[in-house]
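The file target29.txt contains compact mmCIF, C-alpha atoms:
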# COMPACT_ATOMS: atom_id res chain seq x y z
CA MET O 1 -10.78 -4.80 18.06
CA ALA O 2 -8.28 -2.37 19.44
CA ALA O 3 -8.83 0.60 17.18
CA PRO O 4 -12.06 1.62 15.53
CA THR O 5 -12.24 1.66 11.76
CA MET O 6 -11.52 5.04 10.26
CA VAL O 7 -14.34 6.44 8.17
CA MET O 8 -14.33 9.39 5.77
CA TYR O 9 -17.51 11.13 4.60
CA ASP O 10 -18.03 13.49 1.67
CA GLU O 11 -18.69 16.55 3.78
CA GLU O 12 -15.51 16.26 5.86
CA PHE O 13 -13.49 15.24 2.82
CA GLN O 14 -14.45 18.50 1.11
CA GLN O 15 -13.52 20.51 4.21
CA ILE O 16 -10.17 18.72 4.50
CA SER O 17 -9.42 19.26 0.82
CA THR O 18 -10.22 22.97 1.15
CA VAL O 19 -7.83 23.38 4.09
CA CYS O 20 -5.08 21.45 2.26
CA GLU O 21 -5.56 23.49 -0.90
CA ARG O 22 -5.27 26.73 1.02
CA LEU O 23 -2.20 25.46 2.86
CA SER O 24 -0.59 24.49 -0.43
CA ARG O 25 -1.26 27.96 -1.87
CA GLU O 26 -0.26 29.98 1.18
CA ALA O 27 2.90 27.97 1.84
CA ASN O 28 3.95 27.98 -1.84
CA ALA O 29 4.13 24.20 -1.63
CA LYS O 30 4.32 21.73 -4.50
CA ILE O 31 2.29 18.98 -2.86
CA VAL O 32 0.32 18.58 0.34
CA PHE O 33 -1.02 15.25 1.50
CA LEU O 34 -2.63 13.68 4.52
CA VAL O 35 -2.04 10.12 5.66
CA ASP O 36 -3.39 8.20 8.61
CA LYS O 37 -0.88 6.64 10.99
CA ASN O 38 -1.46 3.22 9.43
CA GLY O 39 -0.30 4.40 6.02
CA GLN O 40 -3.65 4.98 4.28
CA LEU O 41 -3.75 8.06 2.07
CA ILE O 42 -6.56 10.42 3.09
CA ALA O 43 -6.15 13.37 0.71
CA SER O 44 -3.57 14.77 -1.67
CA ILE O 45 -3.32 18.19 -3.32
CA GLY O 46 -0.92 19.48 -5.98
CA ALA O 47 1.23 17.97 -8.70
CA THR O 48 0.68 14.34 -7.78
CA GLU O 49 0.24 12.90 -11.31
CA ASN O 50 3.79 11.56 -11.55
CA LEU O 51 4.02 10.63 -7.93
CA ASP O 52 3.35 7.25 -6.34
CA THR O 53 1.15 8.60 -3.55
CA THR O 54 0.28 5.13 -2.19
CA SER O 55 3.95 4.34 -1.59
CA LEU O 56 4.56 7.82 -0.23
CA ALA O 57 1.74 7.33 2.25
CA SER O 58 3.00 3.96 3.40
CA LEU O 59 6.61 5.10 3.79
CA THR O 60 5.55 8.28 5.59
CA ALA O 61 3.62 6.22 8.11
CA GLY O 62 6.62 3.88 8.48
CA ASN O 63 8.85 6.88 9.01
CA ILE O 64 6.56 8.35 11.68
CA ALA O 65 6.24 4.95 13.36
CA ALA O 66 10.02 4.51 13.45
CA THR O 67 10.71 8.01 14.81
CA GLY O 68 7.86 7.50 17.30
CA GLY O 69 9.66 4.36 18.47
CA LEU O 70 12.88 6.35 18.83
CA ALA O 71 11.03 9.05 20.78
CA LYS O 72 9.68 6.53 23.29
CA LEU O 73 13.16 5.07 23.81
CA ILE O 74 14.47 8.44 24.98
CA GLY O 75 11.37 9.19 27.04
CA GLU O 76 9.52 11.49 24.61
CA LYS O 77 5.88 10.95 23.67
CA GLU O 78 6.51 11.55 19.98
CA PHE O 79 8.42 13.84 17.65
CA SER O 80 5.61 15.93 16.25
CA ILE O 81 7.59 17.51 13.39
CA LEU O 82 10.10 15.93 11.00
CA PHE O 83 11.96 17.75 8.29
CA HIS O 84 13.90 16.16 5.44
CA GLU O 85 16.06 18.43 3.30
CA GLY O 86 16.94 17.46 -0.24
CA GLU O 87 18.91 19.11 -3.04
CA LYS O 88 15.78 20.49 -4.67
CA ASP O 89 12.75 19.32 -2.76
CA ASN O 90 12.14 19.14 0.95
CA LEU O 91 9.63 17.25 3.08
CA HIS O 92 7.92 18.72 6.11
CA ILE O 93 6.05 16.08 8.11
CA SER O 94 3.90 16.83 11.14
CA ILE O 95 1.47 14.91 13.31
CA ILE O 96 -2.00 16.38 13.75
CA GLY O 97 -3.93 15.63 16.91
CA GLY O 98 -1.83 12.51 17.48
CA ARG O 99 -3.61 10.58 14.73
CA VAL O 100 -3.07 12.00 11.24
CA ILE O 101 0.12 12.88 9.38
CA LEU O 102 0.38 16.05 7.28
CA VAL O 103 3.12 16.09 4.64
CA VAL O 104 4.19 19.20 2.71
CA ILE O 105 6.62 18.94 -0.20
CA PHE O 106 8.24 22.25 -1.16
CA ASP O 107 11.22 23.61 -3.07
CA SER O 108 13.24 26.85 -3.11
CA ARG O 109 10.16 28.91 -3.96
CA SER O 110 9.15 28.49 -0.33
CA SER O 111 11.03 28.26 2.95
CA LEU O 112 10.96 26.12 6.06
CA GLY O 113 9.81 29.08 8.15
CA LEU O 114 6.85 29.84 5.90
CA VAL O 115 5.84 26.17 5.74
CA ARG O 116 6.03 25.79 9.52
CA LEU O 117 3.91 28.89 10.03
CA ARG O 118 1.21 27.83 7.57
CA VAL O 119 1.21 24.22 8.76
CA LYS O 120 0.55 25.37 12.32
CA LYS O 121 -2.58 27.23 11.27
CA ALA O 122 -3.83 24.44 9.02
CA SER O 123 -3.17 21.83 11.72
CA ASP O 124 -5.60 23.47 14.13
CA GLU O 125 -8.31 23.56 11.47
CA LEU O 126 -7.68 19.96 10.40
CA ASN O 127 -7.66 18.77 13.98
CA LYS O 128 -11.15 20.20 14.51
CA ILE O 129 -12.46 18.47 11.39
CA PHE O 130 -10.99 15.12 12.45
CA GLU O 131 -12.49 15.46 15.92
CA ILE O 132 -15.94 15.87 14.37
CA LEU O 133 -15.24 13.00 11.99
CA MET O 134 -14.26 10.63 14.81
CA LYS O 135 -17.39 11.50 16.79
CA LYS O 136 -19.54 10.98 13.74
CA ALA O 137 -17.95 7.62 12.90
CA GLN O 138 -18.38 6.35 16.44
CA GLY O 139 -21.88 7.70 16.94
CA PRO O 140 -25.12 5.86 16.12
CA GLY O 141 -25.33 4.87 12.46
CA GLY O 142 -21.64 5.67 12.26
CA GLY O 143 -20.83 4.24 8.94
CA LEU O 144 -19.62 0.70 9.43
CA GLY O 145 -21.04 -2.63 10.32
CA GLY O 146 -24.35 -3.04 12.03
CA PRO O 147 -27.75 -2.26 10.57
CA GLY O 148 -27.91 0.60 8.09
CA SER O 149 -24.35 0.15 6.91
CA PRO O 150 -23.66 -0.89 3.32
CA PHE O 151 -21.31 -3.53 4.69
CA ALA O 152 -23.99 -5.26 6.69
CA GLU O 153 -25.47 -6.24 3.33
CA ILE O 154 -22.33 -7.89 1.94
CA THR O 155 -23.06 -11.49 1.07
CA ASP O 156 -20.68 -14.42 0.70
CA ASP O 157 -21.37 -14.22 -3.03
CA ASP O 158 -20.11 -10.63 -3.14
CA ILE O 159 -16.89 -11.75 -1.52
CA ASP O 160 -16.61 -14.74 -3.90
CA ASN O 161 -17.06 -12.45 -6.89
CA LEU O 162 -13.99 -10.47 -5.89
CA PHE O 163 -11.91 -13.55 -6.52
CA SER O 164 -13.69 -14.82 -9.59
CA GLU O 165 -11.10 -13.57 -12.09
CA MET U 166 -8.12 -0.83 11.41
CA SER U 167 -9.66 -0.61 8.00
CA PHE U 168 -10.27 2.77 6.38
CA ILE U 169 -13.65 3.26 4.76
CA ASN U 170 -13.79 6.28 2.49
CA TYR U 171 -17.37 7.18 1.51
CA SER U 172 -16.06 10.12 -0.47
CA SER U 173 -13.93 8.10 -2.90
CA ARG U 174 -15.96 4.92 -2.22
CA GLU U 175 -13.02 2.81 -1.14
CA ILE U 176 -12.32 0.27 1.56
CA ASN U 177 -8.65 -0.02 2.57
CA CYS U 178 -7.42 -2.94 4.66
CA LYS U 179 -4.01 -3.90 6.01
CA ILE U 180 -2.66 -7.45 5.89
CA VAL U 181 0.59 -8.37 7.63
CA TYR U 182 2.69 -11.43 6.73
CA TYR U 183 4.42 -12.64 9.89
CA GLY U 184 6.82 -15.50 10.55
CA PRO U 185 10.39 -16.50 11.41
CA GLY U 186 13.40 -15.33 9.41
CA LEU U 187 13.75 -16.81 5.91
CA CYS U 188 10.33 -18.50 6.01
CA GLY U 189 9.25 -16.85 2.74
CA LYS U 190 7.18 -13.77 3.62
CA THR U 191 8.90 -11.56 1.08
CA THR U 192 8.75 -14.39 -1.48
CA ASN U 193 4.95 -14.47 -1.08
CA LEU U 194 4.72 -10.77 -1.89
CA GLN U 195 7.17 -11.07 -4.76
CA TYR U 196 5.12 -13.85 -6.32
CA ILE U 197 1.90 -11.88 -5.96
CA TYR U 198 3.59 -8.79 -7.40
CA ALA U 199 4.98 -10.70 -10.40
CA ASN U 200 1.70 -12.43 -11.18
CA THR U 201 -0.90 -9.73 -10.66
CA ASN U 202 -2.39 -7.70 -13.49
CA PRO U 203 -0.50 -4.33 -13.63
CA SER U 204 -3.74 -2.39 -13.30
CA ALA U 205 -4.51 -4.08 -9.98
CA LYS U 206 -1.21 -3.49 -8.25
CA GLY U 207 0.96 -0.59 -7.16
CA LYS U 208 4.70 -0.50 -6.78
CA MET U 209 6.28 -3.02 -4.42
CA ILE U 210 8.60 -1.46 -1.89
CA SER U 211 11.25 -3.47 -0.06
CA LEU U 212 13.25 -1.88 2.70
CA ALA U 213 15.98 -4.52 2.83
CA THR U 214 19.65 -4.87 3.70
CA GLU U 215 22.35 -5.33 1.07
CA THR U 216 21.98 -9.07 1.49
CA GLU U 217 18.25 -8.84 0.73
CA ARG U 218 17.12 -9.50 4.27
CA THR U 219 14.07 -7.42 5.19
CA LEU U 220 15.18 -4.50 7.34
CA PHE U 221 11.91 -2.73 8.05
CA PHE U 222 9.12 -3.97 5.80
CA ASP U 223 7.97 -4.88 2.29
CA PHE U 224 4.86 -3.18 1.02
CA LEU U 225 2.54 -4.08 -1.84
CA PRO U 226 -0.78 -2.32 -2.54
CA LEU U 227 -3.40 -4.40 -4.38
CA SER U 228 -6.90 -3.62 -5.57
CA LEU U 229 -9.23 -6.56 -5.80
CA GLY U 230 -12.26 -5.07 -7.49
CA GLU U 231 -15.56 -3.67 -6.30
CA ILE U 232 -17.91 -4.84 -3.63
CA ARG U 233 -21.28 -3.08 -3.40
CA GLY U 234 -19.85 -0.11 -5.29
CA PHE U 235 -16.81 0.19 -3.04
CA LYS U 236 -13.32 -0.38 -4.41
CA THR U 237 -11.49 -2.83 -2.18
CA ARG U 238 -7.81 -2.17 -1.65
CA PHE U 239 -5.50 -4.34 0.37
CA HIS U 240 -2.14 -3.17 1.63
CA LEU U 241 0.19 -6.14 2.10
CA TYR U 242 3.10 -5.77 4.51
CA THR U 243 5.77 -8.19 5.67
CA VAL U 244 7.72 -7.86 8.91
CA PRO U 245 11.45 -8.46 9.29
CA GLY U 246 11.66 -12.04 10.56
CA GLN U 247 15.01 -11.92 12.31
CA VAL U 248 14.62 -12.04 16.08
CA PHE U 249 16.50 -8.80 16.84
CA TYR U 250 14.16 -6.65 14.72
CA ASP U 251 11.35 -6.95 17.23
CA ALA U 252 10.87 -3.20 17.68
CA SER U 253 10.19 -2.84 13.95
CA ARG U 254 7.77 -5.79 13.94
CA LYS U 255 5.67 -4.11 16.62
CA LEU U 256 5.38 -0.94 14.55
CA ILE U 257 4.21 -2.77 11.45
CA LEU U 258 1.41 -4.51 13.33
CA LYS U 259 -0.20 -1.14 14.11
CA GLY U 260 -3.64 -0.94 12.58
CA VAL U 261 -3.54 -4.46 11.16
CA ASP U 262 -6.79 -6.00 9.89
CA GLY U 263 -5.58 -9.54 9.33
CA VAL U 264 -2.45 -11.63 9.79
CA VAL U 265 -0.94 -14.39 7.65
CA PHE U 266 1.52 -16.52 9.57
CA VAL U 267 4.05 -18.04 7.19
CA ALA U 268 5.56 -21.12 8.84
CA ASP U 269 8.77 -22.74 7.64
CA SER U 270 7.90 -26.43 7.24
CA GLN U 271 11.47 -27.63 7.75
CA ILE U 272 11.70 -29.73 10.88
CA GLU U 273 14.81 -27.81 12.01
CA ARG U 274 12.77 -24.56 12.02
CA MET U 275 10.03 -25.83 14.30
CA GLU U 276 11.32 -23.97 17.34
CA ALA U 277 11.73 -20.77 15.33
CA ASN U 278 8.09 -21.13 14.19
CA ILE U 279 6.80 -21.60 17.71
CA GLU U 280 8.87 -18.68 18.99
CA SER U 281 7.56 -16.47 16.18
CA VAL U 282 3.89 -17.32 16.89
CA GLU U 283 4.44 -16.49 20.56
CA ASN U 284 6.11 -13.25 19.54
CA LEU U 285 3.15 -12.45 17.27
CA ARG U 286 0.72 -13.05 20.11
CA THR U 287 2.70 -10.81 22.48
CA ASN U 288 3.15 -7.99 19.97
CA LEU U 289 -0.52 -8.07 18.98
CA SER U 290 -1.68 -7.93 22.57
CA GLU U 291 0.56 -4.89 23.15
CA GLN U 292 -1.51 -3.17 20.45
CA GLY U 293 -4.73 -4.35 22.04
CA TYR U 294 -5.44 -7.20 19.61
CA ASP U 295 -6.09 -10.83 20.48
CA LEU U 296 -4.58 -13.43 18.14
CA ASP U 297 -7.53 -15.70 18.92
CA LYS U 298 -10.01 -13.13 17.61
CA ILE U 299 -8.51 -11.29 14.65
CA PRO U 300 -8.69 -12.59 11.06
CA TYR U 301 -5.81 -15.06 10.88
CA VAL U 302 -4.62 -17.75 8.46
CA ILE U 303 -1.54 -19.97 8.47
CA GLN U 304 0.58 -20.91 5.48
CA TYR U 305 2.93 -23.90 5.73
CA ASN U 306 5.64 -22.94 3.28
CA LYS U 307 8.48 -24.98 1.74
CA ARG U 308 6.35 -28.14 1.46
CA ASP U 309 8.59 -29.33 -1.39
CA LEU U 310 11.66 -29.73 0.81
CA PRO U 311 12.66 -33.28 1.84
CA ASN U 312 13.02 -32.26 5.48
CA ALA U 313 9.49 -30.82 5.73
CA ALA U 314 7.69 -31.89 8.90
CA PRO U 315 4.40 -33.83 8.60
CA MET U 316 1.31 -31.63 8.37
CA GLU U 317 -0.30 -33.19 11.47
CA GLU U 318 2.68 -32.21 13.58
CA LEU U 319 2.72 -28.64 12.24
CA GLN U 320 -1.02 -28.28 12.75
CA SER U 321 -0.96 -29.51 16.34
CA LEU U 322 1.96 -27.23 17.24
CA LEU U 323 1.05 -24.06 15.37
CA ASN U 324 -2.69 -24.10 14.79
CA PRO U 325 -4.56 -24.95 17.99
CA ARG U 326 -7.31 -22.46 17.03
CA GLY U 327 -7.92 -24.37 13.80
CA VAL U 328 -7.81 -21.34 11.51
CA PRO U 329 -7.71 -21.82 7.71
CA HIS U 330 -4.34 -23.23 6.67
CA PHE U 331 -2.59 -23.80 3.34
CA GLU U 332 0.36 -25.79 2.12
CA ALA U 333 2.66 -23.71 -0.05
CA VAL U 334 5.77 -23.55 -2.17
CA ALA U 335 6.04 -19.78 -2.41
CA PRO U 336 8.66 -19.38 -5.20
CA LYS U 337 6.44 -21.50 -7.49
CA GLY U 338 3.29 -19.80 -6.28
CA ASP U 339 1.67 -22.94 -4.87
CA GLY U 340 -0.75 -21.87 -2.14
CA VAL U 341 0.18 -18.18 -2.38
CA TYR U 342 -3.07 -16.83 -3.85
CA GLU U 343 -5.13 -19.30 -1.82
CA THR U 344 -3.62 -17.84 1.34
CA LEU U 345 -4.24 -14.26 0.22
CA LYS U 346 -7.84 -14.99 -0.72
CA ALA U 347 -8.51 -16.66 2.62
CA ILE U 348 -7.24 -13.72 4.66
CA ALA U 349 -9.05 -11.19 2.46
CA ARG U 350 -12.28 -13.17 2.85
CA SER U 351 -11.82 -13.36 6.59
CA ILE U 352 -11.24 -9.59 6.86
CA LEU U 353 -14.28 -8.74 4.76
CA THR U 354 -16.43 -11.12 6.80
CA GLU U 355 -15.23 -9.36 9.96
CA LEU U 356 -16.04 -5.99 8.38
CA LYS U 357 -19.51 -7.22 7.55
CA ARG U 358 -20.01 -8.19 11.16
CA GLY U 359 -19.16 -4.59 12.06
CA THR U 360 -16.41 -4.61 14.62
Target encoding structure tokens, full file:
Amino acid sequence: MAAPTMVMYDEEFQQISTVCERLSREANAKIVFLVDKNGQLIASIGATENLDTTSLASLTAGNIAATGGLAKLIGEKEFSILFHEGEKDNLHISIIGGRVILVVIFDSRSSLGLVRLRVKKASDELNKIFEILMKKAQGPGGGLGGPGSPFAEITDDDIDNLFSE
Amino acid sequence: MSFINYSSREINCKIVYYGPGLCGKTTNLQYIYANTNPSAKGKMISLATETERTLFFDFLPLSLGEIRGFKTRFHLYTVPGQVFYDASRKLILKGVDGVVFVADSQIERMEANIESVENLRTNLSEQGYDLDKIPYVIQYNKRDLPNAAPMEELQSLLNPRGVPHFEAVAPKGDGVYETLKAIARSILTELKRGT
């Protein structure tokens, strides 16, 4: 396989949530969420009850993939920050450590400058956490497949049961 | 690249429906969307042109239930089939866990099918995947049309690896769930093996 499976553990999830919560508070944001480049939602903070976060995650990843394609065409590695301005709400999208996407939704109670400043600080912290996470997932006993993993125990019956309805 | 979340106890996998233009990839997703229990599905998103041709992708999130205490979620994507959207197709294959190739059974579309499989192989290898190794199933769609090619011919041209294959009439749902189950099973078996 080309890319290793991404794994998230409790400990890192708590750390990531803490950083996102602080970012949301300090940047006066409405919503902060993290998505991996393949469109899987990693964490979301804020008023997400009436929001389709799964679709948001998938479209964000599509957006980053498309702008990444554009970047390559003009000889850039990637565009690390995207900003979409709306009538009320705005989207600030940035790439962290080349692998995760951080999205901040904010309105007139905040400003682009403040969001950019706070995102920069949070990005460094998040990048460190993801580096540890990647090492942990790839290290011995790293969460998937092989002996010791819950998935090594999956039987054909388990898989059949998923489709029994 | 599946995403295993021990914190929320979820497994997320990505399935891509590939195939030539107008073969029925979007129709597969539409049928699944229309016939799945509302609690098990999210919103279907179609980024399409005004004439309902897929421009970037369709997206449908599904949850299938629990396996060993982990919620299994599958994200279904289609690619735009038209030849000139190749750059977009490459992007959608990023991080794929399994591919469904939807072939158009009509004899006139045979060349388009072959070209699309070759394109799939090339685009996968650019991402570091090998079509001969990843979870892969083939669906022969439009079996109800009078100009459908014989199955033996389709199989020998499009399925040399002998992967699971299904005959389908996507608007009626024939073969649609069978195809989805087969690719989901294949992905989970791969996960079990621990790639």
*Between CA of Ile16 in chain O and CA of Ile45 in chain O, measure the distance and give it in Å to one decimal.*
10.4 Å
Which residues of range 245-344 of chain U have any atom within 12 Å of an atom in range 49-68 of chain O when counting all atoms listed in the file, and what is the closest pair of atoms for each, with the distance in Å to one decimal? Order the rows by chain and rising number and write it as a Markdown table.
| residue | atom | partner | partner_atom | distance |
| --- | --- | --- | --- | --- |
| U:Tyr250 | CA | O:Ala66 | CA | 12.0 |
| U:Ala252 | CA | O:Ala66 | CA | 8.8 |
| U:Ser253 | CA | O:Ala66 | CA | 7.4 |
| U:Arg254 | CA | O:Ala66 | CA | 10.6 |
| U:Lys255 | CA | O:Ala65 | CA | 9.6 |
| U:Leu256 | CA | O:Ala65 | CA | 6.1 |
| U:Ile257 | CA | O:Gly62 | CA | 7.7 |
| U:Leu258 | CA | O:Ala65 | CA | 10.6 |
| U:Lys259 | CA | O:Ala65 | CA | 8.9 |
| U:Gly260 | CA | O:Ala61 | CA | 11.1 |
_Pairwise distance for CA of Phe151 in chain O and CA of Tyr171 in chain U, rounded to one decimal in Å_ =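 CA of Phe151 in chain O sits 11.8 Å away from CA of Tyr171 in chain U.
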*Taking into account all atoms listed in the file, which residue in the set O:Ala29, O:Ala152, O:Lys136, O:Leu23 is nearest to chain U?*
O:Ala152
*Anything within 6 Å of (-1.1, -3.7, -3.7): list those residues as a PyMOL selection string, counting all atoms listed in the file and sticking to the file's coordinates.*
chain U and resi 206-207+225-227+240
Please report, as a tab-separated table, each residue of chain U lying at most 9 Å from chain O, together with the nearest pair of atoms and the separation in Å rounded to one decimal; use only C-alpha atoms, and order rows by chain and ascending residue number.
residue	atom	partner	partner_atom	distance
U:Met166	CA	O:Thr5	CA	4.8
U:Ser167	CA	O:Thr5	CA	5.1
U:Phe168	CA	O:Met6	CA	4.7
U:Ile169	CA	O:Val7	CA	4.7
U:Asn170	CA	O:Met8	CA	4.6
U:Tyr171	CA	O:Tyr9	CA	5.0
U:Ser172	CA	O:Asp10	CA	4.5
U:Ser173	CA	O:Asp10	CA	8.2
U:Asn177	CA	O:Gln40	CA	7.3
U:Cys178	CA	O:Gln40	CA	8.8
U:Lys179	CA	O:Asn38	CA	8.3
U:Gly207	CA	O:Thr54	CA	7.6
U:Lys208	CA	O:Ser55	CA	7.1
U:Met209	CA	O:Ser55	CA	8.2
U:Ile210	CA	O:Ser55	CA	7.4
U:Phe221	CA	O:Gly62	CA	8.5
U:Phe222	CA	O:Gly62	CA	8.7
U:Phe224	CA	O:Ser58	CA	7.8
U:Leu225	CA	O:Ser55	CA	8.5
U:Pro226	CA	O:Thr54	CA	7.5
U:Leu229	CA	O:Leu162	CA	6.2
U:Gly230	CA	O:Leu162	CA	5.9
U:Glu231	CA	O:Leu162	CA	7.0
U:Ile232	CA	O:Asp158	CA	6.2
U:Arg233	CA	O:Ile154	CA	7.3
U:Thr237	CA	O:Leu162	CA	8.9
U:His240	CA	O:Gln40	CA	8.7
U:Ala252	CA	O:Gly69	CA	7.7
U:Ser253	CA	O:Ala66	CA	7.4
U:Leu256	CA	O:Ala65	CA	6.1
U:Ile257	CA	O:Gly62	CA	7.7
U:Lys259	CA	O:Asn38	CA	6.5
U:Gly260	CA	O:Asn38	CA	5.7
U:Val261	CA	O:Asn38	CA	8.1
U:Gln292	CA	O:Ala2	CA	6.9
U:Gly293	CA	O:Ala2	CA	4.8
U:Tyr294	CA	O:Ala2	CA	5.6
U:Asp295	CA	O:Met1	CA	8.0
U:Lys298	CA	O:Met1	CA	8.4
U:Ile299	CA	O:Met1	CA	7.7
U:Lys346	CA	O:Phe163	CA	7.2
U:Ala349	CA	O:Ile159	CA	8.8
U:Arg350	CA	O:Ile159	CA	6.5
U:Leu353	CA	O:Ile159	CA	7.4
U:Thr354	CA	O:Asp156	CA	8.1
U:Glu355	CA	O:Gly145	CA	8.9
U:Leu356	CA	O:Gly145	CA	6.3
U:Lys357	CA	O:Ala152	CA	5.0
U:Arg358	CA	O:Gly145	CA	5.7
U:Gly359	CA	O:Gly145	CA	3.2
U:Thr360	CA	O:Met1	CA	6.6
*Go through O:Thr48, O:Gln138, O:Asn127, O:Ser80 and flag the residue nearest His92 in chain O, using all atoms listed in the file for the distances.*
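Using all atoms listed in the file, His92 in chain O sits closest to O:Ser80.
The gap separating CA of Leu322 in chain U from CA of Ile352 in chain U is 24.4 Å, in Å to one decimal.
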*asked:* Which residue is closest to Ser270 in chain U? Choose from U:Glu318, U:Glu343, U:Glu215, U:Glu283 and count only C-alpha atoms.
replied: U:Glu318
*For a cut-off of 9 Å around (5.7, -18.8, -7.3), file coordinates, pick out all residues using only C-alpha atoms and list them as a list in words.*
Thr192, Asn193, Gln195, Tyr196, Ile197, Ala199, Asn200, Val334, Ala335, Pro336, Lys337, Gly338, Asp339, Gly340 and Val341 of chain U
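Residues in contact with range 217-219 of chain U at 9 Å, where all atoms listed in the file are counted and same-chain residues fewer than 5 positions away are skipped, are listed as Gly186, Leu187, Thr191, Ser211, Leu212, Thr243, Val244, Pro245, Gly246 and Gln247 of chain U.
When only C-alpha atoms are used to compute distances to Leu114 in chain O, the closest of the residues O:Glu78, O:Glu21, O:Glu26, O:Glu131 turns out to be O:Glu26.
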